[in-house]
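Structure data (PDB, C-alpha atoms, pLDDT in the B column) from data.pdb:
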ATOM      1  CA  MET A   1     -42.152  53.733 -20.435  1.00 38.00           C
ATOM      2  CA  LYS A   2     -38.696  54.891 -19.538  1.00 35.00           C
ATOM      3  CA  ILE A   3     -35.391  53.227 -20.458  1.00 38.00           C
ATOM      4  CA  SER A   4     -32.327  54.217 -18.540  1.00 35.00           C
ATOM      5  CA  ILE A   5     -28.840  53.170 -19.602  1.00 37.00           C
ATOM      6  CA  GLU A   6     -25.879  53.914 -17.439  1.00 41.00           C
ATOM      7  CA  THR A   7     -22.493  53.961 -19.028  1.00 43.00           C
ATOM      8  CA  ASN A   8     -19.109  54.117 -17.547  1.00 47.00           C
ATOM      9  CA  PHE A   9     -17.410  56.139 -20.292  1.00 51.00           C
ATOM     10  CA  PRO A  10     -14.794  57.763 -18.047  1.00 59.00           C
ATOM     11  CA  GLU A  11     -13.711  54.301 -16.874  1.00 54.00           C
ATOM     12  CA  VAL A  12     -13.595  53.045 -20.477  1.00 47.00           C
ATOM     13  CA  GLN A  13     -11.579  56.082 -21.541  1.00 55.00           C
ATOM     14  CA  ARG A  14      -9.136  55.550 -18.686  1.00 60.00           C
ATOM     15  CA  ARG A  15      -8.722  51.883 -19.575  1.00 56.00           C
ATOM     16  CA  LEU A  16      -8.194  52.707 -23.249  1.00 52.00           C
ATOM     17  CA  ALA A  17      -5.546  55.236 -22.311  1.00 62.00           C
ATOM     18  CA  GLN A  18      -3.859  52.609 -20.123  1.00 60.00           C
ATOM     19  CA  LEU A  19      -4.033  50.105 -22.962  1.00 58.00           C
ATOM     20  CA  GLN A  20      -2.500  52.443 -25.513  1.00 63.00           C
ATOM     21  CA  ASP A  21       0.190  53.769 -23.218  1.00 62.00           C
ATOM     22  CA  GLY A  22       1.095  50.562 -21.407  1.00 63.00           C
ATOM     23  CA  VAL A  23       0.930  48.183 -24.338  1.00 69.00           C
ATOM     24  CA  ALA A  24       2.821  50.431 -26.715  1.00 70.00           C
ATOM     25  CA  ARG A  25       5.675  51.153 -24.315  1.00 72.00           C
ATOM     26  CA  GLN A  26       6.021  47.649 -22.922  1.00 75.00           C
ATOM     27  CA  ALA A  27       5.654  45.929 -26.278  1.00 76.00           C
ATOM     28  CA  ALA A  28       8.164  48.259 -27.930  1.00 75.00           C
ATOM     29  CA  ALA A  29      10.759  47.759 -25.211  1.00 79.00           C
ATOM     30  CA  ARG A  30      10.300  44.000 -25.157  1.00 83.00           C
ATOM     31  CA  ALA A  31      10.348  43.783 -28.968  1.00 81.00           C
ATOM     32  CA  VAL A  32      13.570  45.781 -29.128  1.00 80.00           C
ATOM     33  CA  THR A  33      15.171  43.542 -26.499  1.00 84.00           C
ATOM     34  CA  ARG A  34      14.087  40.370 -28.310  1.00 88.00           C
ATOM     35  CA  THR A  35      15.334  41.745 -31.622  1.00 85.00           C
ATOM     36  CA  LEU A  36      18.696  42.627 -30.091  1.00 84.00           C
ATOM     37  CA  GLU A  37      18.946  39.141 -28.557  1.00 88.00           C
ATOM     38  CA  GLN A  38      18.270  37.564 -31.946  1.00 89.00           C
ATOM     39  CA  GLY A  39      20.787  39.973 -33.439  1.00 86.00           C
ATOM     40  CA  ARG A  40      23.345  38.819 -30.881  1.00 87.00           C
ATOM     41  CA  THR A  41      22.849  35.234 -31.982  1.00 91.00           C
ATOM     42  CA  ALA A  42      23.143  36.258 -35.625  1.00 90.00           C
ATOM     43  CA  MET A  43      26.315  38.250 -34.819  1.00 88.00           C
ATOM     44  CA  SER A  44      27.845  35.206 -33.179  1.00 90.00           C
ATOM     45  CA  ARG A  45      27.017  32.983 -36.161  1.00 92.00           C
ATOM     46  CA  GLU A  46      28.367  35.479 -38.681  1.00 91.00           C
ATOM     47  CA  ILE A  47      31.632  35.969 -36.794  1.00 90.00           C
ATOM     48  CA  ARG A  48      32.109  32.236 -36.309  1.00 91.00           C
ATOM     49  CA  GLY A  49      31.316  31.659 -39.985  1.00 91.00           C
ATOM     50  CA  GLU A  50      34.061  34.057 -41.045  1.00 91.00           C
ATOM     51  CA  PHE A  51      36.686  33.589 -38.316  1.00 91.00           C
ATOM     52  CA  ASN A  52      37.929  30.411 -36.646  1.00 91.00           C
ATOM     53  CA  LEU A  53      36.795  31.196 -33.095  1.00 90.00           C
ATOM     54  CA  SER A  54      34.837  29.125 -30.588  1.00 90.00           C
ATOM     55  CA  ALA A  55      31.234  30.011 -29.761  1.00 91.00           C
ATOM     56  CA  THR A  56      32.184  30.481 -26.124  1.00 90.00           C
ATOM     57  CA  LYS A  57      34.803  33.110 -26.932  1.00 87.00           C
ATOM     58  CA  VAL A  58      32.483  35.007 -29.277  1.00 87.00           C
ATOM     59  CA  ASN A  59      29.469  34.878 -26.934  1.00 86.00           C
ATOM     60  CA  GLN A  60      31.543  36.199 -24.035  1.00 83.00           C
ATOM     61  CA  ALA A  61      32.308  39.258 -26.139  1.00 81.00           C
ATOM     62  CA  LEU A  62      28.766  40.083 -27.229  1.00 82.00           C
ATOM     63  CA  ARG A  63      26.528  41.737 -24.691  1.00 78.00           C
ATOM     64  CA  VAL A  64      23.025  43.197 -25.121  1.00 77.00           C
ATOM     65  CA  ASN A  65      21.743  45.895 -22.813  1.00 73.00           C
ATOM     66  CA  ARG A  66      18.004  45.424 -22.402  1.00 76.00           C
ATOM     67  CA  ALA A  67      15.590  48.099 -23.615  1.00 75.00           C
ATOM     68  CA  SER A  68      13.685  49.976 -20.925  1.00 70.00           C
ATOM     69  CA  THR A  69      10.534  52.084 -20.654  1.00 65.00           C
ATOM     70  CA  ARG A  70      11.504  54.960 -18.403  1.00 63.00           C
ATOM     71  CA  GLY A  71       9.747  58.290 -18.510  1.00 60.00           C
ATOM     72  CA  GLY A  72       7.352  57.289 -21.267  1.00 54.00           C
ATOM     73  CA  LEU A  73      10.132  56.640 -23.753  1.00 53.00           C
ATOM     74  CA  ALA A  74      11.587  53.329 -24.803  1.00 46.00           C
ATOM     75  CA  GLY A  75      15.311  53.552 -24.238  1.00 53.00           C
ATOM     76  CA  ILE A  76      16.965  51.350 -26.831  1.00 49.00           C
ATOM     77  CA  THR A  77      20.546  50.393 -26.170  1.00 49.00           C
ATOM     78  CA  GLY A  78      22.588  47.508 -27.454  1.00 48.00           C
ATOM     79  CA  SER A  79      26.285  47.172 -26.925  1.00 47.00           C
ATOM     80  CA  LEU A  80      29.059  45.064 -28.327  1.00 47.00           C
ATOM     81  CA  GLU A  81      32.042  44.819 -26.018  1.00 45.00           C
ATOM     82  CA  SER A  82      35.458  43.253 -26.237  1.00 41.00           C
ATOM     83  CA  PRO A  83      36.050  40.170 -24.070  1.00 45.00           C
ATOM     84  CA  SER A  84      39.036  41.856 -22.449  1.00 49.00           C
ATOM     85  CA  LYS A  85      38.305  44.431 -19.778  1.00 52.00           C
ATOM     86  CA  ARG A  86      41.239  46.517 -21.005  1.00 53.00           C
ATOM     87  CA  GLY A  87      40.145  46.349 -24.647  1.00 57.00           C
ATOM     88  CA  ARG A  88      43.134  44.274 -25.745  1.00 65.00           C
ATOM     89  CA  SER A  89      43.148  42.124 -28.836  1.00 81.00           C
ATOM     90  CA  LEU A  90      42.841  38.346 -28.851  1.00 86.00           C
ATOM     91  CA  ASN A  91      45.942  36.199 -28.614  1.00 89.00           C
ATOM     92  CA  LEU A  92      46.565  33.833 -31.515  1.00 92.00           C
ATOM     93  CA  ILE A  93      46.070  30.840 -29.199  1.00 92.00           C
ATOM     94  CA  ASN A  94      42.317  31.351 -29.725  1.00 90.00           C
ATOM     95  CA  PHE A  95      42.651  30.468 -33.408  1.00 91.00           C
ATOM     96  CA  ALA A  96      43.478  26.751 -33.225  1.00 89.00           C
ATOM     97  CA  ALA A  97      47.188  27.319 -32.606  1.00 92.00           C
ATOM     98  CA  ARG A  98      49.449  24.261 -32.930  1.00 95.00           C
ATOM     99  CA  GLN A  99      53.112  23.980 -32.044  1.00 95.00           C
ATOM    100  CA  THR A 100      55.366  22.612 -34.804  1.00 94.00           C
ATOM    101  CA  ARG A 101      59.142  22.298 -35.159  1.00 95.00           C
ATOM    102  CA  GLN A 102      59.332  25.480 -37.256  1.00 95.00           C
ATOM    103  CA  GLY A 103      56.990  27.556 -35.060  1.00 94.00           C
ATOM    104  CA  VAL A 104      53.256  27.824 -34.496  1.00 95.00           C
ATOM    105  CA  THR A 105      50.505  27.367 -37.075  1.00 95.00           C
ATOM    106  CA  VAL A 106      47.204  29.214 -36.719  1.00 94.00           C
ATOM    107  CA  LYS A 107      44.005  29.385 -38.701  1.00 94.00           C
ATOM    108  CA  VAL A 108      42.417  32.831 -38.275  1.00 91.00           C
ATOM    109  CA  SER A 109      40.045  32.795 -41.227  1.00 90.00           C
ATOM    110  CA  ARG A 110      37.637  29.880 -41.416  1.00 89.00           C
ATOM    111  CA  LYS A 111      38.022  29.619 -45.199  1.00 90.00           C
ATOM    112  CA  GLY A 112      41.753  30.268 -45.466  1.00 89.00           C
ATOM    113  CA  PRO A 113      44.649  27.886 -44.919  1.00 93.00           C
ATOM    114  CA  ARG A 114      46.669  27.494 -41.729  1.00 94.00           C
ATOM    115  CA  LYS A 115      49.585  29.918 -41.517  1.00 95.00           C
ATOM    116  CA  LEU A 116      52.981  29.244 -40.048  1.00 95.00           C
ATOM    117  CA  ILE A 117      54.570  31.833 -37.777  1.00 94.00           C
ATOM    118  CA  ARG A 118      58.260  30.917 -37.784  1.00 93.00           C
ATOM    119  CA  GLY A 119      59.978  31.037 -34.413  1.00 92.00           C
ATOM    120  CA  ALA A 120      56.747  31.410 -32.426  1.00 93.00           C
ATOM    121  CA  PHE A 121      56.031  29.159 -29.469  1.00 95.00           C
ATOM    122  CA  ILE A 122      53.173  28.339 -27.113  1.00 94.00           C
ATOM    123  CA  ALA A 123      53.826  29.008 -23.427  1.00 92.00           C
ATOM    124  CA  ASN A 124      52.107  30.196 -20.269  1.00 88.00           C
ATOM    125  CA  GLY A 125      50.424  26.847 -19.706  1.00 88.00           C
ATOM    126  CA  GLY A 126      49.189  26.638 -23.287  1.00 89.00           C
ATOM    127  CA  ARG A 127      47.307  29.957 -23.042  1.00 90.00           C
ATOM    128  CA  THR A 128      49.519  32.279 -25.088  1.00 92.00           C
ATOM    129  CA  VAL A 129      51.494  32.363 -28.344  1.00 94.00           C
ATOM    130  CA  PHE A 130      54.797  34.247 -28.015  1.00 94.00           C
ATOM    131  CA  ILE A 131      57.669  35.185 -30.297  1.00 93.00           C
ATOM    132  CA  ARG A 132      61.179  36.311 -29.393  1.00 91.00           C
ATOM    133  CA  THR A 133      61.952  39.908 -30.354  1.00 91.00           C
ATOM    134  CA  GLY A 134      65.718  39.483 -30.544  1.00 87.00           C
ATOM    135  CA  LYS A 135      68.457  36.867 -30.761  1.00 88.00           C
ATOM    136  CA  MET A 136      68.479  36.266 -27.013  1.00 89.00           C
ATOM    137  CA  ARG A 137      66.042  34.181 -24.973  1.00 87.00           C
ATOM    138  CA  LEU A 138      64.351  37.341 -23.705  1.00 89.00           C
ATOM    139  CA  PRO A 139      62.541  39.644 -24.464  1.00 92.00           C
ATOM    140  CA  ILE A 140      59.440  37.991 -25.871  1.00 92.00           C
ATOM    141  CA  LYS A 141      56.096  39.424 -26.948  1.00 93.00           C
ATOM    142  CA  ALA A 142      52.631  37.928 -27.177  1.00 92.00           C
ATOM    143  CA  LEU A 143      51.180  37.664 -30.681  1.00 92.00           C
ATOM    144  CA  GLN A 144      47.808  39.380 -30.939  1.00 90.00           C
ATOM    145  CA  THR A 145      45.159  39.836 -33.620  1.00 89.00           C
ATOM    146  CA  ILE A 146      41.851  41.692 -33.840  1.00 85.00           C
ATOM    147  CA  ASP A 147      39.216  41.124 -31.174  1.00 83.00           C
ATOM    148  CA  VAL A 148      35.559  40.174 -31.562  1.00 82.00           C
ATOM    149  CA  ALA A 149      34.276  43.756 -31.607  1.00 78.00           C
ATOM    150  CA  GLN A 150      36.554  44.587 -34.527  1.00 81.00           C
ATOM    151  CA  MET A 151      35.478  41.417 -36.323  1.00 83.00           C
ATOM    152  CA  PHE A 152      31.842  42.398 -36.063  1.00 77.00           C
ATOM    153  CA  ASN A 153      32.508  45.913 -37.293  1.00 77.00           C
ATOM    154  CA  THR A 154      33.470  44.626 -40.710  1.00 80.00           C
ATOM    155  CA  ARG A 155      30.880  46.088 -43.074  1.00 85.00           C
ATOM    156  CA  ARG A 156      29.946  42.773 -44.662  1.00 86.00           C
ATOM    157  CA  LEU A 157      29.053  41.065 -41.355  1.00 85.00           C
ATOM    158  CA  ASN A 158      27.486  44.122 -39.762  1.00 83.00           C
ATOM    159  CA  GLY A 159      25.300  44.799 -42.809  1.00 85.00           C
ATOM    160  CA  ARG A 160      23.884  41.269 -42.927  1.00 88.00           C
ATOM    161  CA  VAL A 161      23.026  41.237 -39.224  1.00 86.00           C
ATOM    162  CA  THR A 162      21.494  44.722 -39.293  1.00 84.00           C
ATOM    163  CA  LYS A 163      19.372  43.864 -42.318  1.00 86.00           C
ATOM    164  CA  GLY A 164      18.095  40.718 -40.573  1.00 88.00           C
ATOM    165  CA  MET A 165      17.237  42.616 -37.394  1.00 85.00           C
ATOM    166  CA  LEU A 166      15.335  45.295 -39.323  1.00 83.00           C
ATOM    167  CA  ALA A 167      13.377  42.633 -41.183  1.00 86.00           C
ATOM    168  CA  LYS A 168      12.408  40.727 -38.014  1.00 88.00           C
ATOM    169  CA  PHE A 169      11.450  43.695 -35.823  1.00 83.00           C
ATOM    170  CA  PRO A 170       7.861  44.191 -37.171  1.00 84.00           C
ATOM    171  CA  GLU A 171       7.058  40.502 -36.635  1.00 88.00           C
ATOM    172  CA  ILE A 172       8.486  40.525 -33.109  1.00 86.00           C
ATOM    173  CA  PHE A 173       6.685  43.787 -32.273  1.00 82.00           C
ATOM    174  CA  ALA A 174       3.346  42.321 -33.453  1.00 82.00           C
ATOM    175  CA  ARG A 175       3.872  39.224 -31.302  1.00 88.00           C
ATOM    176  CA  GLU A 176       4.813  41.252 -28.222  1.00 84.00           C
ATOM    177  CA  SER A 177       1.854  43.620 -28.737  1.00 80.00           C
ATOM    178  CA  LYS A 178      -0.502  40.659 -28.913  1.00 85.00           C
ATOM    179  CA  PHE A 179       0.992  39.280 -25.703  1.00 86.00           C
ATOM    180  CA  TYR A 180       0.410  42.527 -23.805  1.00 81.00           C
ATOM    181  CA  ILE A 181      -3.087  43.037 -25.245  1.00 79.00           C
ATOM    182  CA  ASP A 182      -4.064  39.518 -24.238  1.00 82.00           C
ATOM    183  CA  ARG A 183      -2.614  40.075 -20.781  1.00 80.00           C
ATOM    184  CA  PHE A 184      -4.490  43.375 -20.462  1.00 73.00           C
ATOM    185  CA  ASN A 185      -7.759  41.723 -21.533  1.00 74.00           C
ATOM    186  CA  SER A 186      -7.336  38.849 -19.073  1.00 77.00           C
ATOM    187  CA  ARG A 187      -6.821  41.326 -16.233  1.00 71.00           C
ATOM    188  CA  ALA A 188      -9.829  43.350 -17.340  1.00 65.00           C
ATOM    189  CA  ALA A 189     -12.032  40.231 -17.334  1.00 67.00           C
ATOM    190  CA  GLN A 190     -11.238  39.530 -13.663  1.00 64.00           C
TER     191      GLN A 190
END

Written as structure tokens, how would this file's structure read?
Amino acid sequence: MKISIETNFPEVQRRLAQLQDGVARQAAARAVTRTLEQGRTAMSREIRGEFNLSATKVNQALRVNRASTRGGLAGITGSLESPSKRGRSLNLINFAARQTRQGVTVKVSRKGPRKLIRGAFIANGGRTVFIRTGKMRLPIKALQTIDVAQMFNTRRLNGRVTKGMLAKFPEIFARESKFYIDRFNSRAAQ
């Protein structure tokens, strides 16, 4: 009696190598991207919790560059950019500015009171807060404050968001790994 068993070990080895390489790179890149996207949402919430800005204005300023898997390495890049292309600060009109008889009131901090800026006025179609720099009608200057990127770089906000992202990454990586393993197994079954 003779029993013959044929195995396809080279094929199995190749598939295992594909699984390790493909799943690890793709899952890592996707997990990093998902973590950065969740971090972006957390950044927006933290900034809006501290400063009196609209979600639209904050979300325009926060941009995530997606992670990639080029050359066998997961390139991890996330960026936080100012809403202005020239890197200028935000005008005070973005902080609930209201015209009064004495000037303009604004509320920059969410927890603080409204502040009066004597002699300031809203112009330019309601898009800008100005103040005169002399006794004459002109010259005038726009009143600016810090932009979203500077708000996020405060240690308190940045630390909370970073800590949350570091805590969530293992969970997200496990979920993304499972997704790619399941996808690999479904392709192998076909």

Kindly provide, as AutoDock Vina command-line options, the centre and edge lengths (Å, one decimal) of an axis-aligned box around all atoms of stretch 55-62 of chain A given in the file, with 3 Å on each side.
--center_x 31.8 --center_y 35.0 --center_z -26.9 --size_x 12.0 --size_y 16.1 --size_z 11.7

Give me the residues near A:Arg114 as an MDAnalysis selection string, where near means some atom within 7 Å (using all atoms listed in the file) and where sequence neighbours in that chain fewer than 4 positions away do not count.
chainID A and resid 105:107

Resolved residues for the PyMOL selection byres ((chain A and resi 133-146) around 6) as a PyMOL selection string
chain A and resi 89-92+129-132+147

Nearest to A:Gln38, chosen from A:Leu62, A:Phe95, A:Gln102, A:Ala123, with all atoms listed in the file counted in the distances:
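With all atoms listed in the file as the atom set, the closest residue is A:Leu62.
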
Tell me which of A:Arg66, A:Lys111, A:Arg127, A:Arg175 sits closest to A:Asn94, counting only C-alpha atoms.
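Smallest distance to A:Asn94 is found for A:Arg127.
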
Selection under test: the PyMOL selection byres ((chain A and resi 52) around 10); residues as a compact mmCIF listing (two decimals) with C-alpha atoms, keeping the file's coordinate frame:
# COMPACT_ATOMS: atom_id res chain seq x y z
CA ILE A 47 31.63 35.97 -36.79
CA ARG A 48 32.11 32.24 -36.31
CA GLY A 49 31.32 31.66 -39.98
CA GLU A 50 34.06 34.06 -41.04
CA PHE A 51 36.69 33.59 -38.32
CA LEU A 53 36.80 31.20 -33.10
CA SER A 54 34.84 29.12 -30.59
CA ALA A 55 31.23 30.01 -29.76
CA ASN A 94 42.32 31.35 -29.72
CA PHE A 95 42.65 30.47 -33.41
CA ALA A 96 43.48 26.75 -33.22
CA VAL A 106 47.20 29.21 -36.72
CA LYS A 107 44.00 29.38 -38.70
CA VAL A 108 42.42 32.83 -38.28
CA SER A 109 40.04 32.80 -41.23
CA ARG A 110 37.64 29.88 -41.42
CA LYS A 111 38.02 29.62 -45.20
CA GLY A 112 41.75 30.27 -45.47

Taking the file as shown, find all residues satisfying the PyMOL selection byres ((chain A and resi 155-164) around 9) and write them as a VMD selection string.
chain A and resid 39 to 40 42 to 43 46 to 47 50 151 to 154 165 to 169

Nearest to A:Ala31: which of A:Ser177, A:Thr128, A:Gln150, A:Asn59 is it, counting all atoms listed in the file?
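Going through A:Ser177, A:Thr128, A:Gln150, A:Asn59 one by one, the smallest distance to A:Ala31 is for A:Ser177.
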
With only C-alpha atoms as the atoms that count, which of A:Asn124, A:Ile181, A:Arg187, A:Thr56 lies nearest to A:Arg25?
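Ranking A:Asn124, A:Ile181, A:Arg187, A:Thr56 by distance to A:Arg25, first place goes to A:Ile181.
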
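The closest residue to A:Asn65, picked from A:Arg45, A:Arg34, A:Phe179, A:Ile93 and counting only C-alpha atoms, is A:Arg34.
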
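Atom pair atom CA of A:Asn185 / atom CA of A:Ala67 has a distance of 24.3 Å (rounded to one decimal).
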
At most 6 Å from (59.7, 26.5, -37.6), file frame, all atoms listed in the file: which residues, as a list in words?
Arg101, Gln102, Gly103, Arg118 and Gly119 of chain A

May I ask for the distance between atom CA of A:Glu37 and atom CA of A:Asp182, given in Å to one decimal place?
23.4 Å

At what distance in Å, to one decimal, does atom CA of A:Val32 lie from atom CA of A:Ala174?
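Result for atom CA of A:Ala174 versus atom CA of A:Val32: 11.6 Å, one decimal.
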